[in-house]
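One structure is given below, encoded as structure tokens.
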Amino acid sequence: MKLELRGITKRFGALVANDHIDLTVEPGQIHCLLGENGAGKSTLMNVLYGLYQADEGEILLDGREQHFAGPGDAMAAGIGMVHQHFMLIPVFTVAENVMLGHEQTRAGGRLDLDAARSRVREIADRFGFHVDPDALVEDLPVGVQQRVEIIKALSRDARVLVFDEPTAVLTPQETDELMAIMRQLKESGAAIVFITHKLREVREVADRITVVRRGAVVGEASPTASDAELASLMVGRAVELTVQKDDAVPAGRGLEVRNLEVTDARGTVLVDDVSFEVRGGEILVVAGVQGNGQTELAEALAGLAEHVRGSVRLDGDELVGRNVRQVLDAGVGFVPEDRNEDGLVGTFSVADNLVLNRTDGPPFVRSGALQLRARDAFAREKVEEFDIRTQGIDTPVGRLSGGNQQKVVLARELSRELRLLVAAQPTRGVDVGSIEFIHKRIVETRDAGVPVVVVSTELDEAVALGDRILVMYRGRVVGIVPATTPRDQLGLMMAGIAPGTEGEAA
Amino acid sequence: MSEPTRAAAPAGAAPAPATDTGGTDGGAATPPGDRRWHEAFARIVSGGWAVSLGAVVLAILAGSVMIAFTDEAVQESAGYFFARPADTFAAIGQAVGGAYAALFRGAVWNYEADSFAAAVRPLTQSLTYATPLIAAGLGVAVAFRAGMFNIGGQGQLLVSAAAAGWVGFAFDLPVGLHLVVAVVVGILAGALWAGIAGLLKAATGAHEVIVTIMLNYIAFYLLSYLLATPGLLQAPGSANPKTPAMAETAVMPGLLGDRYNLHVGFLLVLGAVVLVWWLLNRSSLGFGFRALGENAHAARVAGIDVRRTTVLAMGVAGALVGLAGTTQVLGLITTGFGADIDAGVGFDAITVALLGGSSPVGVLLAGILFGAFKAGGSSMQALEGVPIEIVLVVQSLIVLFIAAPPLVRAVFRLPQPGGRARRRPGRGATGTPTSQEVAA
């Protein structure tokens with residue numbers, strides 16, 4: 001089925017999220033939609049899927065104009081979507097999830113599970129998936145859950161398949177498998193839209209590439225284009241993809257983590273017997289697939305975890321058992337993974353957010369009163385220093401772009417006297433220009449002799465930024481290796497396979 | 001070595017749809033429902049002045065319809081509407097106009113009085129009624145700003161009234177000192193009573209709505225018991241559940257002499273407005289309250305002690321409601337009080353805080369408006385025979401319209417709040433689910 005989008009325009013108030021976008025996807029073709037976070041890719045796909053109504057433009061399938069009032073219409077017309085976050089019910093079986101929404105029933109309204117089971121088997125066999133129709137979705141690995149999503153779309157005879165950032169949660173190996181599946185789907189004649197901002201994946205599978213920037217199509221690229229060409233198309237200028245840094249000069253005691261264990265309220269072990277050291281002037285990247293305990297490890301270092309055992313020593317001082325305030329006062333800077341949730345108060349001004357964790361004493365608070373003049377002077381200085389693009393220091397921080405929000409967090413943390421910097425996913429959801437800046441500041445912090453721990457799920461970032469890389473899998477340390485370790489070995493480690501050579505294997 | 005019990009299955013077995021990019025797969029994830037509730041809460045408690053004004057206008061219009069419907073002359077003339085429609089409209093105009101004129105005369109300026117002193121009396125009466133409403137409204141507003149819904153105004157008010165009243169009649173202290181002690185004790189009692197709710201929330205996570213409602217019952221029946229037990233709060237030699245009159249030394253002096261009811265409590269409340277403004281906008285404590293109210297997660301990460309701030313916010317809220325309680329017993333009804341001393345102020349305070357957008361100045365204005373409704377409502381009934389319940393309906397409609405801002409916005413064509421959908425797309429992958437749909 002041939003999909004055509006013509007002149008799709010979608011506005012949110014004054015913002016034009018999609019500006020006359022044209023896109024044609026032929027059957028048997030993988031069409032890559034490449035763009036930064038916030039370029040308008042997801043908005044476009046939500047228009048296609050009937051979640052949004054376009055203000056202008058039309059959607060054509062095989063030349064016939066379509067009007068989708070909701071996802072139901074889109075599905076009926078043959079469009080299937082594999083969402084970034086799986087739309088599956090964890091406690092249902094695979095077959096139940098696949099039938100959900102168009103259940104076949106037998107007499108008396110009883111569900112016809114057998115029909116659903118055989119449908120799952122039939123599709124799974126066709127593409128060589130190994131999926132048990134009766135397995136509970138919550139028991140399945142992420143890669144398999146994604147296949148269930150694909151089966152779900154195919155079970156409704158989708159001829160146009162949209163993959164929205166499908167590799168964000170996958171290990172490199174799982175990503176390769178997904179690529180193979182996409183090629184198979186293409187062979188079977190499906191039209192595939194693949195949304196991503198990862199250049200490597202694009203060049204691997206794409207037949208055509210459309211680059212979107214600021215809501216508009218800025219051009220087409222051929223799959224043979226180099227990374228640098230694609231990146232500069234994406235951001236509109238040449239971008240430095242590597243991080244300029246000298247070799248680390250470790251000095252001082254820095255951070256020593258011994259047998260750290262973090263559990264949640266129910267006693268599930270999230271960080272399991274983790275030990276490592278980071279000396280001053282060194283960056284350790286904690287790598288791994290999202291959800292393998294890195295988040296909890298970072299939170300434990302910042303004093304945010306409730307149930308912690310083991311030891312975290314900073315220059316010899318024990319941090320476990322201290323509250324967040326005391327950990328901050330000990331000189332720990334923390335860039336949380338989810339800045340909107342944990343790092344910023346969206347309705348507060350840029351200035352207030354810059355002093356958010358410094359309202360316990362001078363210079364910003366004296367005898368219980370906020371020192372607005374000191375705050376504003378500080379804010380102006382930091383906005384300048386960190387190149388925070390904002391209308392003013394009184395602008396609510398929620399109105400800033402992701403990159404500028406992250407700069408606010410970074411400015412706040414880096415302007416305290418630091419003895420340790422913990423940055424979790426510091427460049428997630430940040431435009432490429434800001435990524436460069438943030439990486440530069442992190443390296444500068446290292447060069448000032450501060451031990452730095454960076455949590456990253458992006459292998460590219462881990463390799464570019466780290467001096468050493470610690471890979472976590474299921475809460476444990478798989479190994480700690482130099483940043484020069486080959487990527488395929490790092491990929492295996494992210495899947496839990498310990499390196500045969502060096503490192504503190506689990 | 002044993003496997004961790006399903007430890008952190010890769011990428012979380014099923015990321016909640018609301019947490020973007022698996023943003024917070026960990027324990028700190030906010031359930032989507034919780035977040036939606038929080039957003040609705042934030043929107044309702046800070047609707048902005050345009051919505052407040054619109055809600056008042058709409059409620060008064062709706063009140064007019066009810067006045068017209070319940071008016072006998074209107075009903076009669078409607079019987080021959082098609083013969084002489086003008087009669088019906090005239091009757092409606094007369095009923096509605098008369099009612100609101102009476103409201104105005106009872107609440108602001110009695111233009112039919114002979115002297116200035118008599119003409120201005122309604123205004124002072126409105127301010128007198130507004131006094132406890134403003135104080136208690138501030139109490140609810142402070143809790144709102146810290147992200148909590150203080151429904152316990154009634155209980156806090158009763159407890160503080162009992163404490164201040166007890167000091168007021170049972171102690172023998174010098175002039176001046178007696179009043180100060182009574183007021184301070186009343187305020188402290190309110191703070192402690194609300195502090196219980198704060199403490200329970202901080203220590204156990206019990207929801208403050210449930211706890212404060214239950215504390216209302218406890219306070220009411222506790223006070224009823226004290227009032228009915230000789231030797232406690234009951235006036236000696238009386239069988240009524242009522243306290244003795246306050247000692248002269250504990251009564252708040254009148255502001256404008258004996259002819260008017262307006263008392264010093266009004267000045268205390270004005271002082272409280274200023275104090276709360278300073279607290280919320282200029283103090284580090286208030287900064288913590290607001291940070292907690294806007295984003296508790298970020299507040300915690302920023303080293304703000306969430307438990308301590310929760311208890312303190314409820315304490316301050318209770319202290320302000322406590323001020324309302326003391327003005328009731330030491331200013332308005334000084335001849336002794338019963339268990340009905342709260343006179344609905346504890347609940348009206350919620351409306352006042354909502355109408356005032358949880359800002360101190362807004363609460364001041366909303367409190368005065370509600371004081372005027374209270375003062376004018378009775379004159380409306382006395383002069384025009386309009387049931388006083390109409391005023392209550394108008395007040396309730398105000399709440400309804402504020403809680404439904406989209407309706408008010410639609411009616412008055414106000415812009416939708418600079419909402420999520422309009423945010424710059426660059427907000428990125430860690431945004432809320434709505435912004436995610438827009439972004440990336």
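Letters for chains follow the order of the structure tokens (A, B, ...), residue numbers begin at 1 for each chain, and ligand numbers begin at 1 in the order shown.
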For this session: Please identify all polymer residues within 8 Å of A:Leu113, counting only C-alpha atoms, omitting same-chain residues fewer than 4 positions from it, and present them as a list of chain:residue names.
Result: A:Ala95, A:Glu96, A:Gln104, A:Arg117
For this session: Give as an MDAnalysis selection string every residue of chain A that touches chain B within 7 Å, counting only C-alpha atoms.
Result: chainID A and resid 12:13 15 36:43 85 90 138 141:142 169 264 268:270 289:293 296 304 324:325 337:338 340:345 356:357 359 365 368:370 399:402 428:430 474:475
For this session: Show which residues sit within 8 Å of stretch 157-173 of chain B, as a VMD selection string. Count only C-alpha atoms, and ignore same-chain residues fewer than 3 positions away.
Result: chain B and resid 153 to 154 177 to 179 181 to 190 193 219 to 220 223 233 244 to 247 249 to 251 321 to 326 328 to 330 339 341 to 342 346
Same residues, N, CA and C atoms, saved as a compact mmCIF listing (two decimals), in the first residue's frame:
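Resulting contents of part14.txt:
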# COMPACT_ATOMS: atom_id res chain seq x y z
N GLY B 153 -10.66 22.94 57.63
CA GLY B 153 -10.87 24.27 58.19
C GLY B 153 -11.83 24.26 59.36
N GLN B 154 -12.92 23.51 59.22
CA GLN B 154 -13.92 23.47 60.28
C GLN B 154 -13.32 22.99 61.59
N LEU B 177 -2.55 41.98 77.68
CA LEU B 177 -1.87 40.69 77.73
C LEU B 177 -2.86 39.55 77.52
N HIS B 178 -4.04 39.69 78.15
CA HIS B 178 -5.05 38.64 78.08
C HIS B 178 -5.44 38.36 76.62
N LEU B 179 -5.69 39.43 75.89
CA LEU B 179 -6.09 39.27 74.49
C LEU B 179 -4.97 38.62 73.69
N VAL B 181 -2.52 36.71 74.74
CA VAL B 181 -2.36 35.29 75.09
C VAL B 181 -3.47 34.47 74.44
N ALA B 182 -4.69 34.98 74.51
CA ALA B 182 -5.82 34.22 73.96
C ALA B 182 -5.65 34.02 72.46
N VAL B 183 -5.24 35.07 71.76
CA VAL B 183 -5.07 34.97 70.31
C VAL B 183 -3.95 33.97 69.98
N VAL B 184 -2.84 34.10 70.71
CA VAL B 184 -1.71 33.21 70.43
C VAL B 184 -2.09 31.76 70.69
N VAL B 185 -2.78 31.52 71.80
CA VAL B 185 -3.18 30.14 72.11
C VAL B 185 -4.12 29.60 71.04
N GLY B 186 -5.06 30.45 70.59
CA GLY B 186 -5.98 30.02 69.54
C GLY B 186 -5.25 29.65 68.27
N ILE B 187 -4.29 30.49 67.88
CA ILE B 187 -3.53 30.25 66.64
C ILE B 187 -2.73 28.96 66.77
N LEU B 188 -2.09 28.78 67.94
CA LEU B 188 -1.29 27.57 68.15
C LEU B 188 -2.16 26.32 68.09
N ALA B 189 -3.36 26.43 68.68
CA ALA B 189 -4.25 25.27 68.68
C ALA B 189 -4.60 24.87 67.26
N GLY B 190 -4.91 25.87 66.43
CA GLY B 190 -5.22 25.58 65.03
C GLY B 190 -4.03 24.94 64.33
N TRP B 193 -3.63 21.33 65.46
CA TRP B 193 -4.67 20.45 64.92
C TRP B 193 -4.39 20.11 63.46
N ALA B 219 -12.96 17.05 66.04
CA ALA B 219 -13.01 18.37 66.67
C ALA B 219 -14.44 18.73 67.06
N PHE B 220 -15.37 18.43 66.16
CA PHE B 220 -16.76 18.82 66.44
C PHE B 220 -17.28 18.09 67.68
N LEU B 223 -15.51 19.16 70.88
CA LEU B 223 -16.01 20.45 71.37
C LEU B 223 -17.40 20.28 71.97
N LEU B 233 -15.89 23.45 79.32
CA LEU B 233 -16.18 24.70 78.61
C LEU B 233 -17.57 25.22 78.89
N PRO B 244 -19.36 30.38 78.82
CA PRO B 244 -19.66 31.70 79.38
C PRO B 244 -19.16 32.80 78.44
N ALA B 245 -19.54 34.03 78.73
CA ALA B 245 -19.07 35.16 77.94
C ALA B 245 -17.58 35.35 78.16
N MET B 246 -16.92 35.96 77.16
CA MET B 246 -15.50 36.24 77.29
C MET B 246 -15.28 37.36 78.31
N ALA B 247 -14.13 37.28 78.97
CA ALA B 247 -13.79 38.37 79.89
C ALA B 247 -13.57 39.65 79.08
N THR B 249 -11.34 41.75 79.23
CA THR B 249 -9.94 41.96 78.87
C THR B 249 -9.52 41.15 77.66
N ALA B 250 -10.34 40.15 77.30
CA ALA B 250 -9.94 39.27 76.20
C ALA B 250 -10.68 39.61 74.92
N VAL B 251 -11.59 40.59 74.98
CA VAL B 251 -12.40 40.90 73.80
C VAL B 251 -11.63 41.85 72.88
N VAL B 321 -6.08 29.42 59.92
CA VAL B 321 -7.47 29.09 60.24
C VAL B 321 -7.72 29.38 61.71
N GLY B 322 -6.69 29.11 62.54
CA GLY B 322 -6.81 29.39 63.97
C GLY B 322 -7.07 30.86 64.24
N LEU B 323 -6.44 31.72 63.44
CA LEU B 323 -6.70 33.16 63.59
C LEU B 323 -8.17 33.45 63.33
N ALA B 324 -8.73 32.75 62.32
CA ALA B 324 -10.16 32.92 62.05
C ALA B 324 -10.97 32.51 63.27
N GLY B 325 -10.58 31.40 63.90
CA GLY B 325 -11.31 30.93 65.07
C GLY B 325 -11.26 31.93 66.21
N THR B 326 -10.09 32.54 66.42
CA THR B 326 -10.00 33.50 67.53
C THR B 326 -10.84 34.74 67.24
N GLN B 328 -13.54 34.81 65.63
CA GLN B 328 -14.94 34.46 65.84
C GLN B 328 -15.35 34.63 67.30
N VAL B 329 -14.53 34.08 68.21
CA VAL B 329 -14.95 34.05 69.62
C VAL B 329 -14.53 35.30 70.39
N LEU B 330 -13.48 35.97 69.94
CA LEU B 330 -13.03 37.14 70.69
C LEU B 330 -13.46 38.44 70.03
N ALA B 339 -21.23 24.85 69.63
CA ALA B 339 -20.46 24.05 68.67
C ALA B 339 -20.68 24.51 67.23
N ILE B 341 -20.00 27.47 66.24
CA ILE B 341 -19.25 28.71 66.14
C ILE B 341 -18.53 28.87 64.80
N ASP B 342 -18.28 27.75 64.11
CA ASP B 342 -17.55 27.88 62.84
C ASP B 342 -18.42 28.51 61.77
N GLY B 346 -15.24 27.34 57.88
CA GLY B 346 -14.21 26.38 57.53
C GLY B 346 -14.35 25.88 56.10
Exercise. Could you pull out the strand (DSSP E or B) residues of stretch 105-329 of chain A from DSSP and send them as a PyMOL selection string?
Worked result: chain A and resi 105-106+110-111+136+160-164+191-196+208-213+216-221+251-263+269-280+283-287+307-314+317-318
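Picture a line from atom CA of B:Met314 to atom CA of A:Arg366; it runs 23.7 Å.
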For this session: Identify, on the basis of only C-alpha atoms, every residue whose closest approach to A:Leu470 does not exceed 10 Å; exclude the query and any residue fewer than 5 positions from it along the same chain; express the result as a VMD selection string.
Result: chain A and resid 276 284 to 288 453 to 455 462 477 to 483 490 493 to 494 503 to 504
If you keep N, CA and C atoms, can you produce a file of those selected residues as a PDB file, in the first residue's frame?
ATOM      1  N   PHE A 276      32.825   0.091  42.609  1.00  0.00           N
ATOM      2  CA  PHE A 276      33.723   0.723  41.637  1.00  0.00           C
ATOM      3  C   PHE A 276      34.368   1.939  42.275  1.00  0.00           C
ATOM      4  N   LEU A 284      33.737   8.237  34.554  1.00  0.00           N
ATOM      5  CA  LEU A 284      33.281   6.856  34.433  1.00  0.00           C
ATOM      6  C   LEU A 284      31.871   6.892  33.868  1.00  0.00           C
ATOM      7  N   VAL A 285      31.663   6.235  32.735  1.00  0.00           N
ATOM      8  CA  VAL A 285      30.316   6.175  32.184  1.00  0.00           C
ATOM      9  C   VAL A 285      29.679   4.861  32.601  1.00  0.00           C
ATOM     10  N   VAL A 286      28.490   4.957  33.187  1.00  0.00           N
ATOM     11  CA  VAL A 286      27.728   3.759  33.515  1.00  0.00           C
ATOM     12  C   VAL A 286      26.822   3.488  32.330  1.00  0.00           C
ATOM     13  N   ALA A 287      27.129   2.458  31.580  1.00  0.00           N
ATOM     14  CA  ALA A 287      26.359   2.163  30.374  1.00  0.00           C
ATOM     15  C   ALA A 287      25.463   0.963  30.621  1.00  0.00           C
ATOM     16  N   GLY A 288      24.562   0.746  29.697  1.00  0.00           N
ATOM     17  CA  GLY A 288      23.640  -0.373  29.816  1.00  0.00           C
ATOM     18  C   GLY A 288      22.326  -0.002  29.188  1.00  0.00           C
ATOM     19  N   VAL A 453      30.665  10.842  37.273  1.00  0.00           N
ATOM     20  CA  VAL A 453      29.954   9.625  36.894  1.00  0.00           C
ATOM     21  C   VAL A 453      28.851  10.030  35.933  1.00  0.00           C
ATOM     22  N   VAL A 454      28.867   9.466  34.724  1.00  0.00           N
ATOM     23  CA  VAL A 454      27.825   9.774  33.749  1.00  0.00           C
ATOM     24  C   VAL A 454      27.057   8.491  33.476  1.00  0.00           C
ATOM     25  N   VAL A 455      25.732   8.558  33.596  1.00  0.00           N
ATOM     26  CA  VAL A 455      24.903   7.418  33.221  1.00  0.00           C
ATOM     27  C   VAL A 455      24.408   7.680  31.816  1.00  0.00           C
ATOM     28  N   ALA A 462      28.649   7.121  25.513  1.00  0.00           N
ATOM     29  CA  ALA A 462      29.510   6.442  26.477  1.00  0.00           C
ATOM     30  C   ALA A 462      30.946   6.390  25.957  1.00  0.00           C
ATOM     31  N   VAL A 477      27.174  -5.297  37.961  1.00  0.00           N
ATOM     32  CA  VAL A 477      28.236  -4.816  37.096  1.00  0.00           C
ATOM     33  C   VAL A 477      28.694  -5.981  36.220  1.00  0.00           C
ATOM     34  N   VAL A 478      28.576  -5.807  34.904  1.00  0.00           N
ATOM     35  CA  VAL A 478      29.068  -6.850  34.004  1.00  0.00           C
ATOM     36  C   VAL A 478      30.581  -6.724  33.886  1.00  0.00           C
ATOM     37  N   GLY A 479      31.048  -5.485  33.852  1.00  0.00           N
ATOM     38  CA  GLY A 479      32.482  -5.279  33.768  1.00  0.00           C
ATOM     39  C   GLY A 479      32.800  -3.805  33.678  1.00  0.00           C
ATOM     40  N   ILE A 480      34.011  -3.474  34.003  1.00  0.00           N
ATOM     41  CA  ILE A 480      34.483  -2.102  33.848  1.00  0.00           C
ATOM     42  C   ILE A 480      35.634  -2.153  32.858  1.00  0.00           C
ATOM     43  N   VAL A 481      35.477  -1.461  31.734  1.00  0.00           N
ATOM     44  CA  VAL A 481      36.457  -1.581  30.655  1.00  0.00           C
ATOM     45  C   VAL A 481      36.876  -0.203  30.183  1.00  0.00           C
ATOM     46  N   PRO A 482      38.025  -0.090  29.514  1.00  0.00           N
ATOM     47  CA  PRO A 482      38.429   1.203  28.966  1.00  0.00           C
ATOM     48  C   PRO A 482      37.476   1.617  27.845  1.00  0.00           C
ATOM     49  N   ALA A 483      37.403   2.931  27.605  1.00  0.00           N
ATOM     50  CA  ALA A 483      36.481   3.439  26.592  1.00  0.00           C
ATOM     51  C   ALA A 483      36.890   3.022  25.189  1.00  0.00           C
ATOM     52  N   LEU A 490      31.186  -4.186  23.859  1.00  0.00           N
ATOM     53  CA  LEU A 490      30.321  -3.424  24.766  1.00  0.00           C
ATOM     54  C   LEU A 490      28.864  -3.864  24.594  1.00  0.00           C
ATOM     55  N   MET A 493      28.305  -6.985  26.366  1.00  0.00           N
ATOM     56  CA  MET A 493      28.261  -6.736  27.808  1.00  0.00           C
ATOM     57  C   MET A 493      26.901  -6.169  28.211  1.00  0.00           C
ATOM     58  N   MET A 494      26.332  -5.317  27.351  1.00  0.00           N
ATOM     59  CA  MET A 494      25.018  -4.743  27.664  1.00  0.00           C
ATOM     60  C   MET A 494      23.941  -5.820  27.667  1.00  0.00           C
ATOM     61  N   GLY A 503      38.420  -6.843  33.887  1.00  0.00           N
ATOM     62  CA  GLY A 503      37.236  -6.254  34.499  1.00  0.00           C
ATOM     63  C   GLY A 503      36.749  -7.063  35.682  1.00  0.00           C
ATOM     64  N   GLU A 504      35.921  -6.400  36.515  1.00  0.00           N
ATOM     65  CA  GLU A 504      35.372  -7.065  37.688  1.00  0.00           C
ATOM     66  C   GLU A 504      34.059  -7.689  37.284  1.00  0.00           C
TER      67      GLU A 504
END
For this session: Write out as a ChimeraX atom specification the residues lying within 10 Å of A:Ile30, counting only C-alpha atoms and excluding same-chain residues fewer than 2 positions away.
Result: /A:25-28,32-33,161-162,182-183,185-186,190-194,202,205-209
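Atom CA of B:Ala349 to atom CA of B:Ala59 spans 17.7 Å [interatomic distance, one decimal].
Ranking B:Gly265, B:Pro236, B:Gly137, B:Pro174 by their shortest atom-to-atom distance to B:Gly336, with only C-alpha atoms included, puts B:Pro236 first.
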For this session: Would you kindly return, as a PyMOL selection string, each protein, DNA or RNA residue with an atom no farther than 6 Å from any atom of A:Leu3, considering only C-alpha atoms and excluding same-chain residues fewer than 6 positions away?
Result: chain A and resi 24-25+60-61
Selection file, N, CA and C atoms, as a compact mmCIF listing (two decimals), in the first residue's frame:
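Ended up saving to selection.txt:
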# COMPACT_ATOMS: atom_id res chain seq x y z
N THR A 24 6.19 10.54 0.87
CA THR A 24 5.63 9.43 0.10
C THR A 24 6.39 8.17 0.48
N VAL A 25 5.64 7.15 0.87
CA VAL A 25 6.27 5.89 1.24
C VAL A 25 5.71 4.80 0.32
N LEU A 60 -3.18 10.20 1.89
CA LEU A 60 -3.69 9.32 0.83
C LEU A 60 -3.11 7.93 0.98
N LEU A 61 -3.97 6.93 0.82
CA LEU A 61 -3.51 5.55 0.78
C LEU A 61 -3.87 5.01 -0.59
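Distances here use only C-alpha atoms; by that measure, the residue among A:Glu385, A:Glu458, A:Asp360, A:Asp73 closest to A:Phe437 is A:Glu385.
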Problem set entry | A:Leu88, A:His83, A:Ile151, A:Gly50 ranked by distance to A:Ala116, top pick (using only C-alpha atoms) | A:Ile151
Problem set entry | Residue contacts of stretch 16-19 of chain A (7 Å, only C-alpha atoms) excluding same-chain residues fewer than 2 positions away, as number ranges by chain | A: 8-12, 14, 21, 40, 43-44, 215-216
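Between atom CA of A:Gly281 and atom CA of A:Gln489 the separation is 25.8 Å.
Here the question is which of B:Ala55, B:Val393, B:Val120, B:Leu222 gets nearest to B:Leu256 using only C-alpha atoms, and that residue is B:Val120.
Checking B:Ala68, B:Val306, B:Met252, B:Ala136 one by one against B:Ser358, counting only C-alpha atoms, you find the shortest gap at B:Ala136.
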